[in-house]
>>> print(open('run-v1.txt').read())   # compact mmCIF, C-alpha atoms
# COMPACT_ATOMS: atom_id res chain seq x y z
CA MET A 7 -2.97 23.81 -7.04
CA PRO A 8 -0.34 24.01 -9.82
CA SER A 9 0.43 20.96 -11.96
CA LYS A 10 3.82 20.43 -10.40
CA LEU A 11 4.96 17.32 -8.56
CA PHE A 12 8.21 18.64 -7.10
CA THR A 13 8.64 22.10 -5.62
CA ASP A 14 11.70 24.33 -5.34
CA GLU A 15 11.90 23.28 -1.68
CA ASP A 16 12.18 19.63 -2.76
CA LYS A 17 14.98 20.46 -5.17
CA ASN A 18 16.82 22.52 -2.57
CA ALA A 19 16.57 19.65 -0.09
CA LEU A 20 18.24 17.31 -2.59
CA LEU A 21 20.90 19.88 -3.45
CA SER A 22 21.71 20.33 0.23
CA VAL A 23 22.36 16.61 0.61
CA LEU A 24 24.52 16.52 -2.51
CA GLN A 25 26.56 19.43 -1.19
CA SER A 26 27.10 17.56 2.06
CA GLU A 27 28.49 14.60 0.06
CA LYS A 28 26.93 12.21 2.60
CA LEU A 29 24.40 10.02 0.83
CA HIS A 30 24.40 6.96 3.09
CA LEU A 31 21.95 6.25 5.92
CA GLY A 32 22.43 9.16 8.32
CA GLU A 33 21.07 12.44 9.66
CA GLN A 34 18.34 12.99 7.04
CA VAL A 35 17.01 9.46 7.49
CA ASN A 36 16.89 9.94 11.26
CA LYS A 37 15.03 13.24 10.87
CA PHE A 38 12.58 11.76 8.39
CA GLU A 39 11.85 8.80 10.67
CA GLN A 40 11.15 11.04 13.65
CA ALA A 41 9.02 13.50 11.67
CA PHE A 42 7.02 10.68 10.11
CA ALA A 43 6.41 8.99 13.47
CA ASP A 44 5.24 12.29 14.92
CA TYR A 45 2.90 12.94 11.99
CA VAL A 46 1.15 9.56 12.05
CA GLY A 47 1.17 9.34 15.85
CA VAL A 48 3.33 6.30 16.57
CA LYS A 49 6.41 5.81 18.73
CA HIS A 50 8.75 4.47 16.05
CA ALA A 51 9.21 4.72 12.29
CA VAL A 52 11.84 2.74 10.38
CA ALA A 53 12.83 3.94 6.90
CA VAL A 54 13.52 1.34 4.23
CA SER A 55 14.50 1.23 0.57
CA SER A 56 10.98 0.25 -0.56
CA ALA A 57 7.62 -0.82 0.80
CA ALA A 58 8.40 -4.32 -0.51
CA ALA A 59 11.52 -4.35 1.67
CA GLY A 60 9.43 -3.12 4.58
CA LEU A 61 6.92 -5.92 4.21
CA HIS A 62 9.72 -8.48 4.00
CA ILE A 63 11.48 -7.43 7.18
CA SER A 64 8.13 -7.06 8.95
CA LEU A 65 7.60 -10.77 8.33
CA LEU A 66 11.14 -11.38 9.56
CA ALA A 67 10.45 -9.40 12.73
CA ALA A 68 7.26 -11.43 13.19
CA ALA A 69 9.42 -14.59 12.96
CA VAL A 70 7.46 -16.10 10.06
CA GLY A 71 9.26 -19.24 9.00
CA PRO A 72 8.98 -22.33 6.75
CA SER A 73 5.50 -23.86 6.35
CA GLU A 74 3.88 -21.25 8.60
CA GLU A 75 0.76 -19.64 7.18
CA VAL A 76 0.13 -15.96 6.56
CA ILE A 77 -3.40 -14.83 5.74
CA VAL A 78 -3.21 -12.26 2.94
CA SER A 79 -5.50 -10.17 0.76
CA PRO A 80 -5.68 -11.12 -2.95
CA ILE A 81 -6.36 -7.56 -4.18
CA ALA A 82 -3.00 -6.11 -3.26
CA PRO A 83 0.54 -5.61 -4.56
CA VAL A 84 2.44 -8.89 -4.93
CA ALA A 85 5.13 -7.57 -2.56
CA GLY A 86 3.47 -8.88 0.60
CA PRO A 87 2.63 -12.40 -0.59
CA ASN A 88 6.04 -12.57 -2.29
CA ALA A 89 7.70 -11.81 1.05
CA VAL A 90 5.81 -14.75 2.57
CA PHE A 91 7.48 -16.94 -0.05
CA TYR A 92 10.88 -15.38 0.78
CA GLN A 93 10.35 -16.78 4.28
CA LYS A 94 9.26 -20.13 2.83
CA GLY A 95 5.85 -19.56 4.35
CA VAL A 96 2.41 -20.36 2.95
CA ASN A 97 0.00 -17.74 1.60
CA THR A 98 -3.61 -18.26 2.60
CA PHE A 99 -5.87 -15.91 0.64
CA ALA A 100 -8.95 -14.44 2.29
CA ASP A 101 -11.65 -13.05 0.02
CA VAL A 102 -12.66 -9.40 -0.28
CA ASP A 103 -15.64 -7.14 0.14
CA PRO A 104 -16.58 -6.55 -3.53
CA SER A 105 -17.89 -3.06 -2.76
CA THR A 106 -14.42 -1.84 -1.69
CA GLY A 107 -11.77 -4.37 -2.76
CA ASN A 108 -10.63 -4.58 0.86
CA VAL A 109 -10.16 -7.93 2.53
CA ASP A 110 -13.23 -9.29 4.33
CA ALA A 111 -12.37 -9.27 8.05
CA LYS A 112 -14.81 -12.11 8.78
CA ASP A 113 -13.14 -14.29 6.16
CA VAL A 114 -9.71 -13.49 7.65
CA VAL A 115 -10.83 -14.58 11.13
CA ALA A 116 -12.47 -17.73 9.73
CA ARG A 117 -9.15 -18.81 8.19
CA ILE A 118 -7.06 -18.52 11.37
CA ASN A 119 -5.75 -21.88 12.52
CA ASP A 120 -2.88 -23.40 14.52
CA LYS A 121 -0.45 -22.85 11.61
CA THR A 122 -1.25 -19.14 11.26
CA LYS A 123 1.76 -17.01 12.16
CA ALA A 124 0.69 -13.63 10.77
CA VAL A 125 -2.06 -11.72 9.03
CA LEU A 126 -1.02 -9.33 6.26
CA VAL A 127 -3.86 -7.07 5.13
CA HIS A 128 -3.89 -4.27 2.56
CA HIS A 129 -5.75 -0.94 2.64
CA TYR A 130 -6.88 -1.00 -0.99
CA ALA A 131 -6.55 2.42 -2.71
CA GLY A 132 -5.81 3.98 0.68
CA ASN A 133 -9.30 3.08 1.94
CA PRO A 134 -8.97 1.52 5.43
CA CYS A 135 -10.13 -2.05 5.77
CA ASP A 136 -11.99 -3.18 8.89
CA LEU A 137 -9.18 -4.09 11.26
CA GLN A 138 -10.82 -4.34 14.67
CA PRO A 139 -12.38 -7.78 14.03
CA VAL A 140 -8.98 -9.02 12.84
CA LEU A 141 -7.24 -7.69 15.95
CA ASP A 142 -9.93 -9.28 18.11
CA GLY A 143 -9.48 -12.56 16.25
CA VAL A 144 -5.73 -12.78 17.00
CA LYS A 145 -5.97 -11.55 20.59
CA ASP A 146 -3.94 -13.66 23.04
CA ARG A 147 -2.47 -15.65 20.14
CA ASP A 148 1.06 -15.51 18.77
CA ILE A 149 -0.11 -13.99 15.48
CA ALA A 150 1.29 -10.70 14.19
CA VAL A 151 -0.91 -8.24 12.29
CA ILE A 152 1.04 -6.54 9.51
CA VAL A 153 -0.64 -3.88 7.39
CA ASP A 154 0.28 -2.83 3.87
CA ALA A 155 -0.78 0.83 3.90
CA SER A 156 1.23 1.65 0.77
CA HIS A 157 -1.43 4.11 -0.45
CA GLY A 158 -2.84 4.99 2.96
CA LEU A 159 -0.84 7.93 4.29
CA GLY A 160 -3.37 10.25 5.93
CA ALA A 161 -6.14 7.63 6.17
CA GLN A 162 -7.95 7.16 9.47
CA TYR A 163 -9.78 4.23 11.03
CA ARG A 164 -12.05 4.76 14.04
CA GLY A 165 -10.65 8.21 14.69
CA ARG A 166 -6.95 7.31 14.54
CA SER A 167 -4.30 7.16 11.85
CA VAL A 168 -4.13 3.75 10.17
CA ALA A 169 -0.45 3.75 11.25
CA SER A 170 -1.50 2.81 14.79
CA TRP A 171 -3.66 -0.18 13.82
CA GLY A 172 -1.50 -3.31 13.67
CA ASP A 173 1.87 -4.46 14.95
CA MET A 174 3.69 -3.06 11.91
CA VAL A 175 2.23 -0.77 9.25
CA VAL A 176 4.12 -0.26 5.98
CA PHE A 177 3.85 2.85 3.77
CA SER A 178 5.20 3.34 0.25
CA PHE A 179 6.95 6.34 -1.29
CA GLY A 180 6.89 4.86 -4.79
CA PRO A 181 5.21 6.30 -7.93
CA GLY A 182 1.73 7.76 -7.50
CA ASN A 183 1.82 7.96 -3.72
CA HIS A 184 1.34 10.93 -1.39
CA ILE A 185 5.09 11.14 -0.85
CA TYR A 186 7.24 10.21 -3.84
CA THR A 187 10.96 9.61 -3.45
CA GLY A 188 11.47 7.41 -6.50
CA ASP A 189 11.17 4.41 -4.23
CA GLY A 190 11.36 4.00 -0.49
CA GLY A 191 9.07 3.16 2.39
CA MET A 192 8.45 3.49 6.10
CA ILE A 193 7.37 1.00 8.77
CA ALA A 194 5.34 2.42 11.66
CA THR A 195 5.16 0.59 14.99
CA ASN A 196 4.53 1.31 18.65
CA SER A 197 6.84 -1.52 19.75
CA ALA A 198 10.41 -0.61 20.67
CA ASP A 199 11.36 -4.28 20.41
CA LEU A 200 10.00 -4.62 16.88
CA ALA A 201 11.63 -1.33 15.84
CA GLN A 202 15.00 -2.65 17.03
CA TRP A 203 14.59 -5.86 14.99
CA LEU A 204 13.45 -3.92 11.93
CA ARG A 205 16.47 -1.61 12.03
CA MET A 206 18.79 -4.58 12.27
CA PHE A 207 17.13 -6.47 9.42
CA ARG A 208 17.20 -3.43 7.10
CA ASP A 209 20.93 -2.96 7.80
CA GLU A 210 22.24 -6.44 6.84
CA GLY A 211 21.74 -7.77 10.36
CA LEU A 212 24.34 -5.36 11.74
CA VAL A 213 24.19 -3.95 15.26
CA LYS A 214 26.18 -0.84 16.20
CA ASP A 215 24.54 0.26 19.45
CA PRO A 216 27.16 -0.35 22.21
CA HIS A 217 24.42 -1.44 24.61
CA LEU A 218 23.38 -4.29 22.31
CA LEU A 219 26.82 -5.68 21.40
CA THR A 220 28.01 -9.02 22.76
CA LYS A 221 31.63 -7.82 23.07
CA ASP A 222 33.27 -4.57 24.15
CA ILE A 223 36.21 -4.33 21.76
CA GLY A 224 36.25 -0.61 21.00
CA LEU A 225 34.23 2.33 19.74
CA TRP A 226 34.66 1.07 16.17
CA HIS A 227 33.15 -2.33 16.87
CA TYR A 228 29.91 -3.61 15.31
CA GLU A 229 28.44 -7.07 14.94
CA MET A 230 26.21 -9.03 12.58
CA GLN A 231 23.72 -10.63 14.93
CA ASP A 232 21.23 -12.02 12.40
CA LEU A 233 20.79 -12.49 8.67
CA GLY A 234 19.59 -9.16 7.30
CA TYR A 235 19.37 -7.30 4.00
CA ALA A 236 20.64 -4.10 2.40
CA TYR A 237 17.26 -2.38 2.66
CA ARG A 238 18.53 1.04 3.76
CA MET A 239 17.00 4.33 2.66
CA THR A 240 19.45 6.89 1.23
CA GLU A 241 19.90 10.43 2.51
CA LEU A 242 18.58 11.73 -0.82
CA GLN A 243 15.33 9.79 -0.48
CA ALA A 244 14.94 10.91 3.11
CA ALA A 245 15.57 14.58 2.34
CA LEU A 246 13.01 14.52 -0.48
CA GLY A 247 10.49 12.69 1.69
CA LEU A 248 11.03 15.08 4.59
CA SER A 249 10.45 18.06 2.32
CA GLN A 250 7.16 16.60 1.03
CA LEU A 251 6.04 15.62 4.52
CA GLU A 252 6.04 19.32 5.41
CA ARG A 253 3.14 19.86 2.98
CA ILE A 254 1.44 16.47 3.39
CA ASP A 255 -1.84 17.95 4.63
CA GLN A 256 -2.07 20.04 1.46
CA ILE A 257 -1.33 16.94 -0.63
CA ILE A 258 -4.06 14.92 1.09
CA GLN A 259 -6.56 17.78 0.77
CA ARG A 260 -5.87 18.02 -2.95
CA ARG A 261 -6.38 14.30 -3.51
CA THR A 262 -9.62 14.46 -1.54
CA ALA A 263 -10.82 17.39 -3.63
CA ILE A 264 -10.13 15.46 -6.85
CA ALA A 265 -11.93 12.39 -5.49
CA TYR A 266 -15.01 14.43 -4.66
CA GLN A 267 -15.04 15.96 -8.12
CA TYR A 268 -15.13 12.42 -9.51
CA ASN A 269 -17.81 11.40 -7.00
CA ASP A 270 -20.01 14.34 -7.98
CA ALA A 271 -19.57 13.58 -11.68
CA PHE A 272 -20.13 9.82 -11.63
CA GLY A 273 -22.24 9.25 -8.52
CA ALA A 274 -25.53 9.69 -10.37
CA LEU A 275 -24.66 7.28 -13.21
CA PRO A 276 -26.44 3.95 -12.60
CA GLN A 277 -23.87 2.17 -14.76
CA LEU A 278 -21.05 3.03 -12.32
CA GLN A 279 -20.26 2.65 -8.64
CA ILE A 280 -18.12 5.30 -7.01
CA PRO A 281 -15.79 4.26 -4.14
CA GLN A 282 -17.44 3.08 -0.93
CA TRP A 283 -16.01 3.30 2.57
CA GLN A 284 -17.10 2.59 6.13
CA PRO A 285 -18.68 5.44 8.17
CA ASP A 286 -15.87 5.25 10.76
CA THR A 287 -13.03 5.66 8.24
CA ILE A 288 -11.41 8.48 6.29
CA PRO A 289 -9.78 7.33 3.03
CA ALA A 290 -6.43 8.67 1.90
CA TRP A 291 -7.33 8.47 -1.80
CA GLY A 292 -4.15 6.73 -2.82
CA MET A 293 -6.08 5.58 -5.89
CA TYR A 294 -9.56 6.24 -7.27
CA PRO A 295 -11.35 2.95 -8.07
CA LEU A 296 -14.44 3.29 -10.24
CA GLN A 297 -16.49 0.11 -10.69
CA LEU A 298 -18.44 -0.89 -13.80
CA LYS A 299 -21.81 -2.08 -12.51
CA SER A 300 -23.52 -3.44 -15.61
CA ALA A 301 -22.57 -6.72 -17.25
CA GLU A 302 -22.48 -4.90 -20.61
CA LEU A 303 -19.78 -2.52 -19.40
CA VAL A 304 -17.78 -5.31 -17.78
CA THR A 305 -17.79 -7.14 -21.11
CA ALA A 306 -16.65 -3.94 -22.83
CA LYS A 307 -13.97 -3.11 -20.25
CA ARG A 308 -11.09 -3.67 -22.67
CA LYS A 309 -12.66 -1.27 -25.16
CA ILE A 310 -13.37 1.33 -22.44
CA PHE A 311 -9.79 1.11 -21.23
CA ALA A 312 -8.38 1.44 -24.75
CA GLU A 313 -10.53 4.46 -25.58
CA LEU A 314 -9.61 6.25 -22.36
CA LYS A 315 -5.93 5.57 -22.96
CA ALA A 316 -6.20 6.77 -26.56
CA SER A 317 -7.73 9.99 -25.21
CA GLY A 318 -4.66 10.59 -23.08
CA ILE A 319 -6.18 9.56 -19.74
CA ASP A 320 -3.78 7.65 -17.50
CA VAL A 321 -6.35 5.01 -16.56
CA ASP A 322 -5.16 1.82 -14.85
CA VAL A 323 -6.37 -1.43 -13.26
CA GLN A 324 -4.96 -2.62 -9.94
CA TYR A 325 -4.57 -5.36 -8.77
CA TYR A 326 -4.69 -8.66 -10.63
CA PRO A 327 -5.71 -11.12 -7.89
CA VAL A 328 -2.37 -12.33 -6.54
CA PHE A 329 -3.28 -16.01 -6.66
CA SER A 330 -4.02 -15.67 -10.39
CA HIS A 331 -0.43 -14.81 -11.35
CA PRO A 332 1.25 -17.77 -13.08
CA TYR A 333 3.90 -18.16 -10.38
CA TYR A 334 1.23 -18.43 -7.71
CA LEU A 335 -0.65 -21.01 -9.75
CA TRP A 336 2.55 -23.04 -9.98
CA ALA A 337 3.89 -22.53 -6.47
CA GLY A 338 0.83 -21.73 -4.39
CA HIS A 339 -0.76 -23.46 -1.45
CA PRO A 340 0.35 -27.10 -1.03
CA ASP A 341 -3.29 -28.12 -1.40
CA ILE A 342 -3.74 -26.22 -4.66
CA CYS A 343 -4.30 -29.40 -6.67
CA THR A 344 -7.26 -30.35 -4.47
CA LEU A 345 -8.96 -26.94 -4.57
CA GLU A 346 -12.02 -26.55 -6.74
CA GLY A 347 -13.23 -23.25 -8.16
CA SER A 348 -11.79 -19.84 -7.37
CA ARG A 349 -9.70 -19.27 -4.26
CA ALA A 350 -11.40 -15.87 -3.81
CA PRO A 351 -14.33 -15.41 -6.21
CA LYS A 352 -15.29 -11.96 -4.93
CA ALA A 353 -11.74 -10.74 -5.59
CA GLU A 354 -11.98 -11.94 -9.17
CA GLU A 355 -15.35 -10.22 -9.57
CA PHE A 356 -13.93 -6.96 -8.21
CA TYR A 357 -10.97 -7.11 -10.59
CA GLN A 358 -13.29 -7.55 -13.56
CA ARG A 359 -15.25 -4.43 -12.63
CA VAL A 360 -12.64 -1.91 -11.48
CA LEU A 361 -10.97 0.95 -13.34
CA LEU A 362 -8.64 3.47 -11.72
CA LEU A 363 -8.83 7.12 -12.68
CA PRO A 364 -5.79 9.38 -12.13
CA ILE A 365 -5.80 11.13 -8.76
CA ASN A 366 -2.26 12.43 -8.35
CA HIS A 367 -2.23 15.62 -6.26
CA SER A 368 -0.20 17.40 -8.95
CA LEU A 369 -3.23 17.39 -11.27
CA ALA A 370 -4.83 20.83 -11.71
CA ASP A 371 -8.56 21.42 -12.08
CA ARG A 372 -8.05 22.20 -15.76
CA GLU A 373 -6.72 18.65 -16.15
CA ILE A 374 -9.51 16.99 -14.15
CA LYS A 375 -12.43 18.31 -16.21
CA PRO A 376 -11.31 16.65 -19.48
CA ILE A 377 -10.85 13.35 -17.60
CA ILE A 378 -14.41 13.55 -16.28
CA ASP A 379 -15.91 14.63 -19.60
CA THR A 380 -14.10 11.97 -21.63
CA THR A 381 -14.86 9.17 -19.16
CA TYR A 382 -18.50 10.19 -19.08
CA GLN A 383 -18.71 10.21 -22.87
CA VAL A 384 -16.94 6.85 -23.33
CA ILE A 385 -19.07 5.09 -20.70
CA ASN A 386 -22.34 6.48 -22.04
CA LYS A 387 -21.45 5.76 -25.67
CA ILE A 388 -20.58 2.12 -24.98
CA PHE A 389 -23.46 1.55 -22.55
CA ASN A 390 -26.03 3.02 -24.92
CA LYS A 391 -24.62 1.08 -27.85
CA GLN A 392 -24.73 -2.18 -25.88
CA ASN A 393 -28.33 -1.54 -24.83
CA ARG A 394 -29.65 -0.18 -28.12
CA PRO A 395 -32.86 -2.02 -29.12
>>> encode(input="run-v1.txt", output="structure tokens")
Amino acid sequence: MPSKLFTDEDKNALLSVLQSEKLHLGEQVNKFEQAFADYVGVKHAVAVSSAAAGLHISLLAAAVGPSEEVIVSPIAPVAGPNAVFYQKGVNTFADVDPSTGNVDAKDVVARINDKTKAVLVHHYAGNPCDLQPVLDGVKDRDIAVIVDASHGLGAQYRGRSVASWGDMVVFSFGPGNHIYTGDGGMIATNSADLAQWLRMFRDEGLVKDPHLLTKDIGLWHYEMQDLGYAYRMTELQAALGLSQLERIDQIIQRRTAIAYQYNDAFGALPQLQIPQWQPDTIPAWGMYPLQLKSAELVTAKRKIFAELKASGIDVDVQYYPVFSHPYYLWAGHPDICTLEGSRAPKAEEFYQRVLLLPINHSLADREIKPIIDTTYQVINKIFNKQNRP
């Protein structure tokens, strides 16, 4: 596959929208929503300006309000827990499975109480977390399950797209993702009622459907029926996303091929742990997390990172446990002053061990081999030096 992120078809799609001179929420957004819903196998898809916006209005649609608790994963983008704060809610952090970075479903269920209004889990690196126990745990309770699948387009859990597991599932079209529109996101749901609320909240609380208006004043009439936000996707974003969606299977296949090249190269190294996933899941390979297994390598992580960066490898580390950010230390759970020790020790352990190797589908094989060779050399050099008698 050529090292090229955008194709001529992508550029033509953007040019077509520019020539139409209609950039506001319209025909392209509608087409993108329908095509996306069809692809992931859900009844409704609601396009938004970003995944962060999608997570926010998902909490709005779930009616999360002041002092209500939302159980969240600590190894995740800050967007979800931040949105809980936007609603004046309380973040309750469950711990993770240190082999995957995904939230531990048993810990989620153990933390459900009478104040719990929603559960917001994250498919780390596009690797599906175990959702069935969570869904069983909230059954017959007024608790919404919202899923941050930012990196999970194409992932499957128990034979179905991750888009169909949860009340609302949010995807990202930001940098590094399977579909890249600069920014942007999509919320998948099988609930017509939730889809209606989501569309209203993303459009400043405005309602234009004649069947939903409180007054019949004229064809021009619209109403603000709730407090919403300007979270609309543009026609340009939608056209670019729609163009990329047409080759999404090729994109996913390429990411998978890169991941398996990494697995083959590093799987036999005892100092490293390649990504793990459950037998009943198919990862989307939104990121490639490589874990440092030995204490010596964990201690040398800063040096490893620096050497890989100096060699031109776009290595990264995601995510700093959310509760560790200064703001969360200052404005966290109301009982924070009485807590002793870590709020999620396994999450902190995972963060200390993980490194992300580049896995963008635009990378060609000729670019992957140097990444493998250099990573192999840096790891072995540092490990052997640390263990030299």
>>> residues_around(input="run-v1.txt", residues="Gln202 in chain A", least_positions_apart="3", cutoff="10 Å", atoms="only C-alpha atoms", output="VMD selection string")
chain A and resid 50 52 67 197 to 199 205 to 207 213
>>> closest_residue(input="run-v1.txt", among="A:Asp44, A:Gln297, A:His227, A:Thr305", to="Asn196 in chain A", atoms="only C-alpha atoms")
A:Asp44
>>> axis_aligned_box(input="run-v1.txt", around="range 183-198 of chain A", padding_each_side="6 Å", output="AutoDock Vina command-line options")
--center_x 6.4 --center_y 4.8 --center_z 7.1 --size_x 22.1 --size_y 24.7 --size_z 39.2
>>> atom_distance(input="run-v1.txt", atom1="CA of Arg253 in chain A", atom2="CA of Met192 in chain A")
17.5 Å
>>> closest_residue(input="run-v1.txt", among="A:Lys299, A:Lys17, A:Arg147, A:His129", to="Ala169 in chain A", atoms="all atoms listed in the file")
A:His129
>>> atom_distance(input="run-v1.txt", atom1="CA of Asp286 in chain A", atom2="CA of Ala68 in chain A")
28.6 Å
>>> residues_around(input="run-v1.txt", residues="Asn88 in chain A", least_positions_apart="3", cutoff="10 Å", atoms="all atoms listed in the file", output="MDAnalysis selection string")
chainID A and resid 58 61:62 83:85 91:95 97 328 334
>>> closest_residue(input="run-v1.txt", among="A:Asp222, A:Val102, A:Leu65, A:Ala274", to="Trp203 in chain A", atoms="all atoms listed in the file")
A:Leu65
>>> residues_around(input="run-v1.txt", residues="Val115 in chain A", least_positions_apart="4", cutoff="7 Å", atoms="all atoms listed in the file", output="list of chain:residue names")
A:Ala111, A:Val140, A:Gly143
>>> write_last_selection(input="run-v1.txt", atoms="C-alpha atoms", output="tab-separated table (two decimals), in the frame of the given file")
chain	number	residue	atom	x	y	z
A	111	ALA	CA	-12.37	-9.27	8.05
A	140	VAL	CA	-8.98	-9.02	12.84
A	143	GLY	CA	-9.48	-12.56	16.25
>>> residues_near_point(input="run-v1.txt", point="(-20.2, 11.4, -9.6)", cutoff="12 Å", atoms="only C-alpha atoms", output="PDB file with C-alpha atoms, in the coordinates of the input")
ATOM      1  CA  ILE A 264     -10.130  15.460  -6.850  1.00  0.00           C
ATOM      2  CA  ALA A 265     -11.930  12.390  -5.490  1.00  0.00           C
ATOM      3  CA  TYR A 266     -15.010  14.430  -4.660  1.00  0.00           C
ATOM      4  CA  GLN A 267     -15.040  15.960  -8.120  1.00  0.00           C
ATOM      5  CA  TYR A 268     -15.130  12.420  -9.510  1.00  0.00           C
ATOM      6  CA  ASN A 269     -17.810  11.400  -7.000  1.00  0.00           C
ATOM      7  CA  ASP A 270     -20.010  14.340  -7.980  1.00  0.00           C
ATOM      8  CA  ALA A 271     -19.570  13.580 -11.680  1.00  0.00           C
ATOM      9  CA  PHE A 272     -20.130   9.820 -11.630  1.00  0.00           C
ATOM     10  CA  GLY A 273     -22.240   9.250  -8.520  1.00  0.00           C
ATOM     11  CA  ALA A 274     -25.530   9.690 -10.370  1.00  0.00           C
ATOM     12  CA  LEU A 275     -24.660   7.280 -13.210  1.00  0.00           C
ATOM     13  CA  PRO A 276     -26.440   3.950 -12.600  1.00  0.00           C
ATOM     14  CA  GLN A 277     -23.870   2.170 -14.760  1.00  0.00           C
ATOM     15  CA  LEU A 278     -21.050   3.030 -12.320  1.00  0.00           C
ATOM     16  CA  GLN A 279     -20.260   2.650  -8.640  1.00  0.00           C
ATOM     17  CA  ILE A 280     -18.120   5.300  -7.010  1.00  0.00           C
ATOM     18  CA  PRO A 281     -15.790   4.260  -4.140  1.00  0.00           C
ATOM     19  CA  LEU A 296     -14.440   3.290 -10.240  1.00  0.00           C
ATOM     20  CA  GLN A 297     -16.490   0.110 -10.690  1.00  0.00           C
ATOM     21  CA  ILE A 378     -14.410  13.550 -16.280  1.00  0.00           C
ATOM     22  CA  ASP A 379     -15.910  14.630 -19.600  1.00  0.00           C
ATOM     23  CA  THR A 381     -14.860   9.170 -19.160  1.00  0.00           C
ATOM     24  CA  TYR A 382     -18.500  10.190 -19.080  1.00  0.00           C
TER      25      TYR A 382
END
>>> residues_near_point(input="run-v1.txt", point="(-5.2, 1.8, 12.9)", cutoff="12 Å", atoms="all atoms listed in the file", output="JSON, numbers by chain")
{"A": [46, 47, 48, 127, 129, 133, 134, 135, 136, 137, 138, 140, 141, 151, 152, 153, 154, 155, 158, 159, 160, 161, 162, 163, 164, 165, 166, 167, 168, 169, 170, 171, 172, 173, 174, 175, 176, 194, 195, 196, 286, 287, 288]}
>>> atom_distance(input="run-v1.txt", atom1="CA of Pro104 in chain A", atom2="CA of Lys352 in chain A")
5.7 Å
>>> closest_residue(input="run-v1.txt", among="A:Val23, A:Val76, A:Ile193, A:Ala82", to="Lys123 in chain A", atoms="only C-alpha atoms")
A:Val76
>>> residues_around(input="run-v1.txt", residues="Leu361 in chain A", least_positions_apart="6", cutoff="10 Å", atoms="all atoms listed in the file", output="ChimeraX atom specification")
/A:294-298,307,310-311,321-324
>>> closest_residue(input="run-v1.txt", among="A:Ala41, A:Val384, A:Leu11, A:Leu242", to="Lys28 in chain A", atoms="all atoms listed in the file")
A:Leu242
>>> build_atoms(input="run-v1.txt", residues="range 61-73 of chain A", atoms="N, CA and C atoms", output="mmCIF file, in the frame of the given file")
data_model
loop_
_atom_site.group_PDB
_atom_site.id
_atom_site.type_symbol
_atom_site.label_atom_id
_atom_site.label_comp_id
_atom_site.auth_asym_id
_atom_site.auth_seq_id
_atom_site.Cartn_x
_atom_site.Cartn_y
_atom_site.Cartn_z
ATOM 1 N N LEU A 61 7.786 -4.772 3.963
ATOM 2 C CA LEU A 61 6.920 -5.920 4.210
ATOM 3 C C LEU A 61 7.748 -7.172 4.496
ATOM 4 N N HIS A 62 8.862 -7.319 3.776
ATOM 5 C CA HIS A 62 9.720 -8.480 4.000
ATOM 6 C C HIS A 62 10.272 -8.502 5.417
ATOM 7 N N ILE A 63 10.872 -7.396 5.846
ATOM 8 C CA ILE A 63 11.480 -7.430 7.180
ATOM 9 C C ILE A 63 10.425 -7.391 8.288
ATOM 10 N N SER A 64 9.204 -6.955 7.965
ATOM 11 C CA SER A 64 8.130 -7.060 8.950
ATOM 12 C C SER A 64 7.803 -8.526 9.210
ATOM 13 N N LEU A 65 7.805 -9.335 8.157
ATOM 14 C CA LEU A 65 7.600 -10.770 8.330
ATOM 15 C C LEU A 65 8.762 -11.403 9.079
ATOM 16 N N LEU A 66 9.969 -10.902 8.806
ATOM 17 C CA LEU A 66 11.140 -11.380 9.560
ATOM 18 C C LEU A 66 10.991 -11.056 11.042
ATOM 19 N N ALA A 67 10.603 -9.823 11.336
ATOM 20 C CA ALA A 67 10.450 -9.400 12.730
ATOM 21 C C ALA A 67 9.330 -10.186 13.415
ATOM 22 N N ALA A 68 8.347 -10.621 12.641
ATOM 23 C CA ALA A 68 7.260 -11.430 13.190
ATOM 24 C C ALA A 68 7.646 -12.905 13.287
ATOM 25 N N ALA A 69 8.878 -13.225 12.871
ATOM 26 C CA ALA A 69 9.420 -14.590 12.960
ATOM 27 C C ALA A 69 8.627 -15.594 12.132
ATOM 28 N N VAL A 70 8.138 -15.167 10.964
ATOM 29 C CA VAL A 70 7.460 -16.100 10.060
ATOM 30 C C VAL A 70 8.512 -17.007 9.425
ATOM 31 N N GLY A 71 8.279 -18.288 9.494
ATOM 32 C CA GLY A 71 9.260 -19.240 9.000
ATOM 33 C C GLY A 71 8.636 -20.291 8.097
ATOM 34 N N PRO A 72 9.423 -21.300 7.694
ATOM 35 C CA PRO A 72 8.980 -22.330 6.750
ATOM 36 C C PRO A 72 7.689 -23.013 7.179
ATOM 37 N N SER A 73 6.775 -23.143 6.209
ATOM 38 C CA SER A 73 5.500 -23.860 6.350
ATOM 39 C C SER A 73 4.486 -23.153 7.244
#
